[in-house]
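Structure data (TSV, C-alpha atoms) from query_1.tsv:
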chain	number	residue	atom	x	y	z
B	2	MET	CA	0.00	0.00	0.00
B	3	THR	CA	1.38	3.39	-0.95
B	4	ILE	CA	1.78	5.80	1.90
B	5	LYS	CA	0.62	9.27	0.99
B	6	ASP	CA	1.89	12.25	2.90
B	7	ALA	CA	-0.93	14.34	4.29
B	8	PRO	CA	0.50	17.81	5.00
B	9	VAL	CA	-0.68	19.52	8.12
B	10	LYS	CA	-2.62	22.64	7.28
B	11	LYS	CA	-0.82	25.71	8.61
B	12	VAL	CA	-3.03	28.52	9.85
B	13	GLU	CA	-1.74	31.89	10.92
B	14	GLY	CA	-3.31	34.18	13.42
B	15	HIS	CA	-5.41	33.55	16.50
B	16	ARG	CA	-9.15	33.28	16.68
B	17	ALA	CA	-11.15	33.83	19.83
B	18	LEU	CA	-13.99	31.60	20.95
B	19	GLY	CA	-17.29	32.88	19.69
B	20	ASN	CA	-15.93	34.37	16.46
B	21	PRO	CA	-17.54	33.11	13.24
B	22	PRO	CA	-16.08	29.74	12.13
B	23	SER	CA	-14.43	29.12	8.78
B	24	VAL	CA	-17.71	28.07	7.16
B	25	GLY	CA	-20.65	30.35	7.80
B	26	LEU	CA	-24.32	29.49	7.80
B	27	ARG	CA	-24.86	31.62	4.71
B	28	GLU	CA	-22.53	29.32	2.79
B	29	ILE	CA	-24.10	26.15	4.18
B	30	GLN	CA	-27.79	27.10	3.88
B	31	PRO	CA	-28.07	30.08	1.53
B	32	GLY	CA	-31.75	29.44	0.90
B	33	LYS	CA	-32.69	29.66	4.54
B	34	PHE	CA	-30.84	32.93	4.97
B	35	ALA	CA	-33.26	34.59	2.58
B	36	ASP	CA	-35.69	34.46	5.48
B	37	ARG	CA	-34.72	36.95	8.19
B	38	VAL	CA	-36.15	34.63	10.86
B	39	ASN	CA	-33.10	32.42	10.34
B	40	THR	CA	-30.49	35.17	10.50
B	41	GLY	CA	-30.50	35.91	14.23
B	42	VAL	CA	-28.48	34.27	16.98
B	43	VAL	CA	-31.64	32.76	18.45
B	44	PRO	CA	-31.56	28.97	17.88
B	45	ARG	CA	-34.43	27.81	15.71
B	46	GLU	CA	-35.01	24.58	17.61
B	47	THR	CA	-36.14	26.46	20.73
B	48	LEU	CA	-38.77	28.46	18.94
B	49	SER	CA	-42.34	27.23	18.75
B	50	ALA	CA	-43.82	29.63	16.19
B	51	ARG	CA	-42.22	31.33	13.22
B	52	GLY	CA	-44.58	34.30	13.53
B	53	LYS	CA	-43.61	34.96	17.12
B	54	THR	CA	-39.93	34.67	16.27
B	55	ALA	CA	-40.12	37.13	13.40
B	56	ASN	CA	-42.02	39.54	15.61
B	57	ALA	CA	-39.44	39.16	18.39
B	58	VAL	CA	-36.56	39.76	15.98
B	59	ASP	CA	-38.29	42.81	14.52
B	60	THR	CA	-39.00	44.25	17.97
B	61	SER	CA	-35.47	43.72	19.27
B	62	THR	CA	-34.02	45.20	16.08
B	63	LYS	CA	-36.13	48.35	16.35
B	64	LYS	CA	-35.44	48.92	20.01
B	65	THR	CA	-31.73	48.20	19.65
B	66	ALA	CA	-31.56	50.77	16.90
B	67	ARG	CA	-32.73	53.35	19.44
B	68	GLY	CA	-29.75	52.62	21.62
B	69	GLY	CA	-30.93	49.83	23.95
B	70	SER	CA	-29.06	46.52	24.27
B	71	VAL	CA	-30.46	43.18	23.18
B	72	MET	CA	-30.83	42.12	26.82
B	73	GLU	CA	-32.88	45.21	27.64
B	74	THR	CA	-35.34	44.43	24.85
B	75	MET	CA	-35.69	40.70	25.64
B	76	ASP	CA	-39.08	39.86	27.12
B	77	ASP	CA	-38.55	37.26	29.85
B	78	SER	CA	-42.13	37.14	31.09
B	79	SER	CA	-42.74	33.78	29.34
B	80	PRO	CA	-40.79	30.50	29.51
B	81	LEU	CA	-39.68	30.96	25.91
B	82	GLY	CA	-38.56	34.51	26.58
B	83	ARG	CA	-36.60	33.47	29.66
B	84	GLU	CA	-34.89	30.70	27.69
B	85	LEU	CA	-33.92	33.07	24.91
B	86	ALA	CA	-32.71	35.70	27.36
B	87	ASN	CA	-30.59	33.09	29.12
B	88	GLU	CA	-29.01	31.97	25.83
B	89	VAL	CA	-28.16	35.57	24.90
B	90	LYS	CA	-26.41	36.04	28.27
B	91	ARG	CA	-24.43	32.83	27.74
B	92	ARG	CA	-23.35	33.93	24.26
B	93	GLU	CA	-22.23	37.33	25.51
B	94	LYS	CA	-19.96	35.64	28.07
B	95	LEU	CA	-18.27	33.60	25.33
B	96	LEU	CA	-18.05	36.26	22.64
B	97	GLY	CA	-14.42	37.18	21.99
B	98	LYS	CA	-13.14	35.03	24.87
B	99	GLU	CA	-9.63	33.71	24.26
B	100	LEU	CA	-8.87	30.24	25.56
B	101	PRO	CA	-5.57	29.62	27.36
B	102	LYS	CA	-3.06	27.24	25.84
B	103	PRO	CA	-2.14	24.31	28.10
B	104	ARG	CA	1.41	24.12	29.44
B	105	SER	CA	1.88	20.80	27.65
B	106	THR	CA	-0.13	18.69	25.24
B	107	ARG	CA	-3.28	17.36	26.88
B	108	ILE	CA	-4.20	13.88	25.64
B	109	MET	CA	-7.81	12.99	26.45
B	110	THR	CA	-9.63	9.73	25.82
B	111	ILE	CA	-13.38	10.02	25.28
B	112	SER	CA	-14.81	6.73	26.46
B	113	ASN	CA	-17.94	5.00	27.68
B	114	GLN	CA	-18.65	1.35	26.94
B	115	LYS	CA	-22.34	2.18	26.61
B	116	GLY	CA	-23.22	3.10	23.04
B	117	GLY	CA	-25.26	6.10	21.99
B	118	VAL	CA	-24.21	8.44	24.78
B	119	GLY	CA	-22.54	11.02	22.54
B	120	LYS	CA	-18.88	10.02	22.56
B	121	THR	CA	-18.16	10.85	18.93
B	122	THR	CA	-20.41	13.92	18.94
B	123	THR	CA	-18.64	15.22	22.01
B	124	THR	CA	-15.20	14.49	20.54
B	125	VAL	CA	-15.66	16.29	17.24
B	126	ASN	CA	-17.59	19.28	18.58
B	127	ILE	CA	-15.30	20.07	21.49
B	128	ALA	CA	-12.31	19.60	19.18
B	129	ALA	CA	-13.88	21.96	16.63
B	130	ALA	CA	-14.69	24.56	19.30
B	131	LEU	CA	-11.12	24.54	20.62
B	132	ALA	CA	-9.61	24.66	17.14
B	133	THR	CA	-11.88	27.54	16.13
B	134	ALA	CA	-10.53	29.42	19.16
B	135	GLY	CA	-6.98	29.06	17.78
B	136	LEU	CA	-5.71	25.96	19.60
B	137	GLN	CA	-3.94	23.13	17.76
B	138	VAL	CA	-6.09	19.99	17.99
B	139	LEU	CA	-5.69	16.39	16.81
B	140	VAL	CA	-8.56	13.90	16.76
B	141	ILE	CA	-7.64	10.21	16.64
B	142	ASP	CA	-10.52	8.00	15.53
B	143	ILE	CA	-10.07	4.44	16.79
B	144	ASP	CA	-13.72	3.45	16.42
B	145	PRO	CA	-14.07	1.02	13.46
B	146	GLN	CA	-17.33	2.76	12.53
B	147	GLY	CA	-15.32	5.87	11.64
B	148	ASN	CA	-18.06	8.29	12.69
B	149	ALA	CA	-15.62	10.94	13.90
B	150	SER	CA	-13.88	10.83	10.51
B	151	THR	CA	-17.24	11.32	8.81
B	152	ALA	CA	-18.20	14.27	10.98
B	153	LEU	CA	-14.89	16.00	10.22
B	154	ASN	CA	-15.22	15.32	6.47
B	155	ILE	CA	-12.06	13.15	6.34
B	156	ASP	CA	-11.76	10.37	3.75
B	157	HIS	CA	-11.81	6.98	5.46
B	158	HIS	CA	-12.56	4.41	2.79
B	159	ALA	CA	-10.68	1.11	2.69
B	160	GLU	CA	-7.86	2.39	0.44
B	161	VAL	CA	-6.90	5.25	2.77
B	162	ASP	CA	-4.04	4.82	5.23
B	163	SER	CA	-5.58	5.06	8.69
B	164	ILE	CA	-4.94	4.58	12.38
B	165	TYR	CA	-5.12	0.83	11.66
B	166	ASP	CA	-1.86	1.08	9.72
B	167	VAL	CA	-0.31	3.01	12.60
B	168	LEU	CA	-1.24	0.38	15.19
B	169	ILE	CA	-0.57	-2.77	13.15
B	170	ASP	CA	2.08	-1.84	10.56
B	171	ASP	CA	3.96	0.91	12.45
B	172	VAL	CA	3.15	3.54	9.81
B	173	PRO	CA	4.09	7.00	11.20
B	174	LEU	CA	1.10	8.93	12.51
B	175	GLY	CA	2.23	11.94	10.49
B	176	ASP	CA	1.61	9.99	7.27
B	177	VAL	CA	-1.99	9.32	8.26
B	178	VAL	CA	-3.34	12.58	9.66
B	179	ALA	CA	-5.36	14.86	7.38
B	180	PRO	CA	-6.59	18.44	7.93
B	181	CYS	CA	-10.28	19.07	8.51
B	182	PRO	CA	-11.45	21.17	5.52
B	183	ASP	CA	-14.06	23.10	7.52
B	184	VAL	CA	-12.15	23.93	10.72
B	185	PRO	CA	-8.67	25.49	10.80
B	186	ASN	CA	-6.09	24.10	13.26
B	187	LEU	CA	-7.93	20.75	13.41
B	188	ILE	CA	-6.41	17.53	12.03
B	189	CYS	CA	-7.66	13.96	12.21
B	190	ALA	CA	-6.23	10.44	12.04
B	191	PRO	CA	-9.11	8.56	10.40
B	192	ALA	CA	-10.44	5.07	11.04
B	193	THR	CA	-11.30	2.59	8.31
B	194	ILE	CA	-13.18	-0.69	8.28
B	195	HIS	CA	-9.85	-2.53	8.63
B	196	LEU	CA	-9.85	-1.44	12.27
B	197	ALA	CA	-12.59	-3.99	12.97
B	198	GLY	CA	-9.98	-6.75	12.86
B	199	ALA	CA	-7.35	-4.87	14.84
B	200	GLU	CA	-8.52	-6.31	18.17
B	201	ILE	CA	-7.47	-9.80	17.03
B	202	GLU	CA	-4.29	-8.71	15.26
B	203	LEU	CA	-3.06	-6.73	18.26
B	204	VAL	CA	-3.08	-9.80	20.50
B	205	SER	CA	0.11	-11.25	19.03
B	206	LEU	CA	2.05	-7.95	18.74
B	207	VAL	CA	4.82	-6.83	21.09
B	208	ALA	CA	3.82	-4.10	23.56
B	209	ARG	CA	0.29	-4.25	22.18
B	210	GLU	CA	-1.16	-1.88	24.80
B	211	GLN	CA	1.42	0.87	24.17
B	212	ARG	CA	1.47	1.16	20.39
B	213	LEU	CA	-0.77	4.21	20.18
B	214	ARG	CA	1.16	6.07	22.88
B	215	ARG	CA	4.46	5.51	21.10
B	216	ALA	CA	2.97	6.69	17.80
B	217	ILE	CA	1.75	9.92	19.41
B	218	ASP	CA	5.14	10.55	21.06
B	219	VAL	CA	6.98	10.06	17.76
B	220	TYR	CA	4.56	12.34	15.93
B	221	ALA	CA	5.01	15.08	18.53
B	222	LYS	CA	8.80	14.95	18.05
B	223	GLU	CA	8.39	15.07	14.27
B	224	ARG	CA	6.26	18.21	14.51
B	225	GLU	CA	8.87	19.84	16.72
B	226	GLU	CA	11.69	18.97	14.32
B	227	LYS	CA	9.73	20.38	11.36
B	228	GLY	CA	8.98	23.61	13.21
B	229	GLN	CA	5.25	22.95	13.31
B	230	PRO	CA	3.23	24.26	16.25
B	231	ARG	CA	2.88	22.00	19.26
B	232	LEU	CA	-0.38	20.15	19.64
B	233	ASP	CA	-2.48	21.62	22.46
B	234	PHE	CA	-5.09	18.85	22.61
B	235	VAL	CA	-5.29	15.26	21.39
B	236	PHE	CA	-8.74	13.65	21.57
B	237	ILE	CA	-9.06	9.89	21.13
B	238	ASP	CA	-12.54	8.70	20.15
B	239	CYS	CA	-13.05	5.16	21.45
B	240	PRO	CA	-15.44	2.40	20.35
B	241	PRO	CA	-18.27	1.42	22.75
B	242	SER	CA	-16.30	-1.50	24.18
B	243	LEU	CA	-13.40	-2.24	26.51
B	244	GLY	CA	-11.14	-4.17	24.12
B	245	LEU	CA	-7.52	-3.60	23.13
B	246	LEU	CA	-8.32	-0.49	21.09
B	247	THR	CA	-9.79	1.21	24.14
B	248	VAL	CA	-6.92	-0.05	26.29
B	249	ASN	CA	-4.47	1.55	23.84
B	250	ALA	CA	-6.37	4.82	24.21
B	251	PHE	CA	-6.25	4.63	28.02
B	252	VAL	CA	-2.52	3.93	28.01
B	253	ALA	CA	-1.84	6.80	25.60
B	254	ALA	CA	-3.85	9.39	27.53
B	255	LYS	CA	-3.52	11.12	30.87
B	256	GLU	CA	-7.14	12.21	31.07
B	257	VAL	CA	-10.47	10.51	30.50
B	258	LEU	CA	-13.54	12.45	29.38
B	259	ILE	CA	-16.74	10.52	30.02
B	260	PRO	CA	-19.95	11.62	28.27
B	261	ILE	CA	-22.97	10.50	30.31
B	262	GLN	CA	-26.43	10.38	28.84
B	263	CYS	CA	-28.99	11.73	31.30
B	264	GLU	CA	-30.82	8.43	31.65
B	265	TYR	CA	-30.75	5.65	34.22
B	266	TYR	CA	-28.82	3.05	32.17
B	267	ALA	CA	-25.92	5.47	31.85
B	268	LEU	CA	-25.31	5.26	35.61
B	269	GLU	CA	-25.07	1.48	35.50
B	270	GLY	CA	-22.40	1.60	32.78
B	271	LEU	CA	-20.41	4.26	34.61
B	272	SER	CA	-19.51	2.04	37.56
B	273	GLN	CA	-18.09	-0.68	35.28
B	274	LEU	CA	-16.13	1.89	33.28
B	275	LEU	CA	-14.55	3.28	36.46
B	276	LYS	CA	-13.48	-0.22	37.52
B	277	ASN	CA	-11.71	-0.74	34.21
B	278	ILE	CA	-9.98	2.64	34.46
B	279	GLU	CA	-8.79	1.71	37.95
B	280	MET	CA	-7.32	-1.51	36.53
B	281	ILE	CA	-5.46	0.44	33.85
B	282	GLN	CA	-4.12	2.79	36.52
B	283	LYS	CA	-2.71	-0.10	38.55
B	284	HIS	CA	-1.05	-2.04	35.76
B	285	LEU	CA	-0.45	0.11	32.66
B	286	ASN	CA	-0.81	3.86	33.21
B	287	ALA	CA	-0.53	5.28	36.69
B	288	ASP	CA	-0.99	8.84	35.40
B	289	LEU	CA	-4.48	8.19	34.02
B	290	ALA	CA	-7.32	10.06	35.72
B	291	VAL	CA	-10.97	10.82	35.10
B	292	SER	CA	-10.71	14.58	34.69
B	293	THR	CA	-13.97	15.46	32.96
B	294	ILE	CA	-17.57	14.26	32.89
B	295	LEU	CA	-20.04	15.84	30.47
B	296	LEU	CA	-23.80	15.41	30.75
B	297	THR	CA	-25.31	14.89	27.31
B	298	MET	CA	-28.80	14.56	25.79
B	299	TYR	CA	-30.25	16.54	28.67
B	300	ASP	CA	-34.00	17.11	28.49
B	301	GLY	CA	-35.00	19.77	30.98
B	302	ARG	CA	-38.68	18.82	30.67
B	303	THR	CA	-38.18	15.49	32.47
B	304	ASN	CA	-37.57	14.83	36.15
B	305	LEU	CA	-35.38	11.83	35.29
B	306	ALA	CA	-32.78	13.99	33.53
B	307	ALA	CA	-32.61	16.35	36.50
B	308	GLN	CA	-32.27	13.42	38.93
B	309	VAL	CA	-29.49	11.76	36.93
B	310	ALA	CA	-27.63	15.07	36.64
B	311	ALA	CA	-27.96	15.72	40.38
B	312	GLU	CA	-26.73	12.23	41.26
B	313	VAL	CA	-23.70	12.44	38.97
B	314	ARG	CA	-22.80	15.89	40.34
B	315	GLU	CA	-23.11	14.60	43.90
B	316	HIS	CA	-20.65	11.74	43.31
B	317	PHE	CA	-18.25	13.64	41.02
B	318	PRO	CA	-18.47	17.31	42.05
B	319	GLU	CA	-15.07	18.28	40.64
B	320	GLN	CA	-15.18	16.33	37.39
B	321	VAL	CA	-18.64	17.24	36.09
B	322	LEU	CA	-18.70	20.27	33.80
B	323	LYS	CA	-21.20	23.02	34.45
B	324	ALA	CA	-22.07	22.99	30.75
B	325	VAL	CA	-24.82	20.53	29.83
B	326	VAL	CA	-25.52	19.41	26.26
B	327	PRO	CA	-29.26	19.34	25.50
B	328	ARG	CA	-31.08	17.13	23.06
B	329	SER	CA	-30.76	18.99	19.79
B	330	VAL	CA	-31.98	18.35	16.28
B	331	ARG	CA	-29.08	20.39	14.89
B	332	ILE	CA	-26.49	18.20	16.63
B	333	SER	CA	-28.10	15.12	15.08
B	334	GLU	CA	-28.35	16.66	11.62
B	335	ALA	CA	-24.76	17.91	11.36
B	336	PRO	CA	-23.02	14.55	10.66
B	337	SER	CA	-25.28	13.90	7.67
B	338	TYR	CA	-23.65	16.97	6.08
B	339	GLN	CA	-20.17	15.76	7.16
B	340	GLN	CA	-19.87	18.64	9.59
B	341	THR	CA	-19.78	19.39	13.26
B	342	VAL	CA	-22.61	21.44	14.73
B	343	MET	CA	-20.05	24.23	15.19
B	344	THR	CA	-19.98	24.80	11.43
B	345	TYR	CA	-23.41	23.42	10.51
B	346	ASP	CA	-25.36	25.75	12.78
B	347	PRO	CA	-23.23	27.86	15.14
B	348	SER	CA	-26.35	29.70	16.34
B	349	SER	CA	-27.95	26.54	17.75
B	350	SER	CA	-28.24	25.71	21.43
B	351	GLY	CA	-26.11	22.59	20.86
B	352	ALA	CA	-23.22	24.60	19.43
B	353	LEU	CA	-23.47	27.02	22.35
B	354	SER	CA	-23.32	24.19	24.88
B	355	TYR	CA	-20.25	22.64	23.27
B	356	GLN	CA	-18.54	26.03	23.17
B	357	GLU	CA	-19.17	26.37	26.91
B	358	ALA	CA	-17.86	22.84	27.53
B	359	ALA	CA	-14.71	23.57	25.48
B	360	ALA	CA	-14.09	26.79	27.39
B	361	GLU	CA	-14.40	24.94	30.71
B	362	ILE	CA	-12.03	22.19	29.60
B	363	ALA	CA	-9.45	24.73	28.41
B	364	SER	CA	-9.69	26.72	31.64
B	365	ARG	CA	-8.81	23.59	33.63
B	366	SER	CA	-5.40	23.27	32.00

Starting from the file, give its structure as structure tokens.
Amino acid sequence: MTIKDAPVKKVEGHRALGNPPSVGLREIQPGKFADRVNTGVVPRETLSARGKTANAVDTSTKKTARGGSVMETMDDSSPLGRELANEVKRREKLLGKELPKPRSTRIMTISNQKGGVGKTTTTVNIAAALATAGLQVLVIDIDPQGNASTALNIDHHAEVDSIYDVLIDDVPLGDVVAPCPDVPNLICAPATIHLAGAEIELVSLVAREQRLRRAIDVYAKEREEKGQPRLDFVFIDCPPSLGLLTVNAFVAAKEVLIPIQCEYYALEGLSQLLKNIEMIQKHLNADLAVSTILLTMYDGRTNLAAQVAAEVREHFPEQVLKAVVPRSVRISEAPSYQQTVMTYDPSSSGALSYQEAAAEIASRS
């Protein structure tokens, strides 16, 4: 198989969190932007009636033109108004905020053996939010499904060199990574279908649990020798299992980010995951720690979601982020366009929540 060099995309300058991303909504959905209802920062999924929205936008525009701020014109007498006012306040806190660079590269594994909790969605959207803010980010997709590669619009068909070749054939990681076309400063090591057989092939290899960590270390030295900027974050998207691929991710990382769906079954899976992390700490990676827990698919209309969130915060008060990711149609739609929600619809509530989560993660460095 011919190894093709994938040059790392160099981007100059620094972009603050909250600034428009490289691909704007007007470029993605030009037809919808003909309607002024879709041009405001108010997320469409939270609005119940187009007529009310248009009226609200018109009213705020007129009053703002007289000198008042958006917050002064926001009517918070109704639940919808209070929700919109709250989102505007949250956006104002993030607008123009610069995220600090970590002192050294932070390698984070996003893992949960329960499927459907938002691992890949969390990986690509937090990575995109950090990269949009000017940080250098690498996403390593070790899930055979390759969903992270799809969301970042990275080729990952069978003929492409992937993370499989890195783990099994010792191909340099630098020969595999490719830049994300929609987000500057973001690169990805894709996964292909060949990775499905890697669990079996790794069994007979020397130092099978440490192959990913060595590949990352070598790649970091190569970037330094070539004068490329140091990686600020490395996110490893794991499959929903606890096999050798996930073990490689745990050994390579120092931090674990656990997305938890706000439902009862998620709590059952969490205890087993923590036991496996403790085993890794004892035998393979003493530096590994659960640094971050993110509550996903939160539905504020249900008591169950509030109870699960309260219970997780009670047991892990320091690890749980204040930011909570709601159920969002826009988050679900974005991968079908091979995009993250950060570029697909930056005005949505889902994009706002992931921006807040990224800012919290960066501030903990």

What are the nearest atom pairs, with distances in Å to one decimal, for all residues of region 131-242 of chain B that come at most 6 Å from region 329-350 of chain B, using all atoms listed in the file, set out by chain and rising residue number as a tab-separated table?
residue	atom	partner	partner_atom	distance
B:Thr151	CA	B:Gln339	CA	5.6
B:Ala152	CA	B:Gln339	CA	4.5
B:Leu153	CA	B:Gln340	CA	5.7
B:Asn154	CA	B:Gln339	CA	5.0

request  = Can you pull out every residue within 9 Å of region 310-327 of chain B, counting all atoms listed in the file, but drop anything in the same chain fewer than 5 positions away, and send it as a count of residues only?
outcome  = 27

query = Could you state the separation of CA of Thr110 (chain B) and CA of Ile237 (chain B) in Å, given to one decimal place?
reply =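 Separation between CA of Thr110 (chain B) and CA of Ile237 (chain B): 4.7 Å.
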
query = Quick one: residues within 7 Å of Ala359 (chain B), all atoms listed in the file counted, chain neighbours fewer than 5 positions away excluded, as an MDAnalysis selection string?
reply = chainID B and resid 127 130:131

Would you pick out the contacts of region 97-108 of chain B at 7 Å or less, using only C-alpha atoms, so that residues sharing its chain but fewer than 2 positions from it are not included, and give the list as a short mmCIF file (atom, residue, chain, number, x, y, z; two decimals) with C-alpha atoms, in the coordinates of the input?
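Writing the result to around-v2.cif gives the following:
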data_model
loop_
_atom_site.label_atom_id
_atom_site.label_comp_id
_atom_site.auth_asym_id
_atom_site.auth_seq_id
_atom_site.Cartn_x
_atom_site.Cartn_y
_atom_site.Cartn_z
CA ALA B 17 -11.15 33.83 19.83
CA LEU B 18 -13.99 31.60 20.95
CA GLY B 19 -17.29 32.88 19.69
CA ASN B 20 -15.93 34.37 16.46
CA LEU B 95 -18.27 33.60 25.33
CA THR B 110 -9.63 9.73 25.82
CA ALA B 134 -10.53 29.42 19.16
CA LEU B 136 -5.71 25.96 19.60
CA LEU B 232 -0.38 20.15 19.64
CA ASP B 233 -2.48 21.62 22.46
CA PHE B 234 -5.09 18.85 22.61
CA VAL B 235 -5.29 15.26 21.39
CA PHE B 236 -8.74 13.65 21.57
CA ALA B 254 -3.85 9.39 27.53
CA LYS B 255 -3.52 11.12 30.87
CA GLU B 256 -7.14 12.21 31.07
CA ALA B 360 -14.09 26.79 27.39
CA ALA B 363 -9.45 24.73 28.41
CA SER B 364 -9.69 26.72 31.64
CA SER B 366 -5.40 23.27 32.00
#

task = Give me the residues within 9 Å of Leu289 (chain B) as a list in words, counting only C-alpha atoms and dropping any in the same chain fewer than 6 places off.
result =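 Final neighbour list, sorted by chain and number: Phe251, Val252, Ala253, Ala254, Lys255, Glu256, Val257, Ile278, Glu279, Ile281 and Gln282 of chain B.
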
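In this structure, CA of Arg215 (chain B) sits 14.6 Å away from CA of Leu203 (chain B).
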
request  = Could you tell me how far CA of Lys120 (chain B) lies from CA of Ile169 (chain B), in Å and to one decimal?
outcome  =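 Between these atoms lies a distance of 24.2 Å.
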
inquiry  = Show me, as a list in words, the residues that have an atom within 6 Å of region 187-201 of chain B when counting only C-alpha atoms, minus same-chain residues fewer than 2 positions from it.
reply    =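 Contacts, with the query itself left out: Ala132, Val138, Leu139, Val140, Ile141, Asp142, Ile143, Pro145, Gly147, Ser150, His157, His158, Ala159, Ser163, Ile164, Tyr165, Val177, Val178, Ala179, Pro180, Cys181, Val184, Pro185, Leu203, Val204 and Leu245 of chain B.
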
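Taking only C-alpha atoms into account, Gly117 (chain B) lies nearest to B:Ala267 out of the set B:Ala267, B:Ile155, B:Leu81, B:Val167.
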
task = Compare B:Arg328, B:Leu168, B:Lys227, B:Asn113 by their minimum atom-to-atom distance to Asn277 (chain B), counting all atoms listed in the file, and give me the closest one.
result = B:Asn113
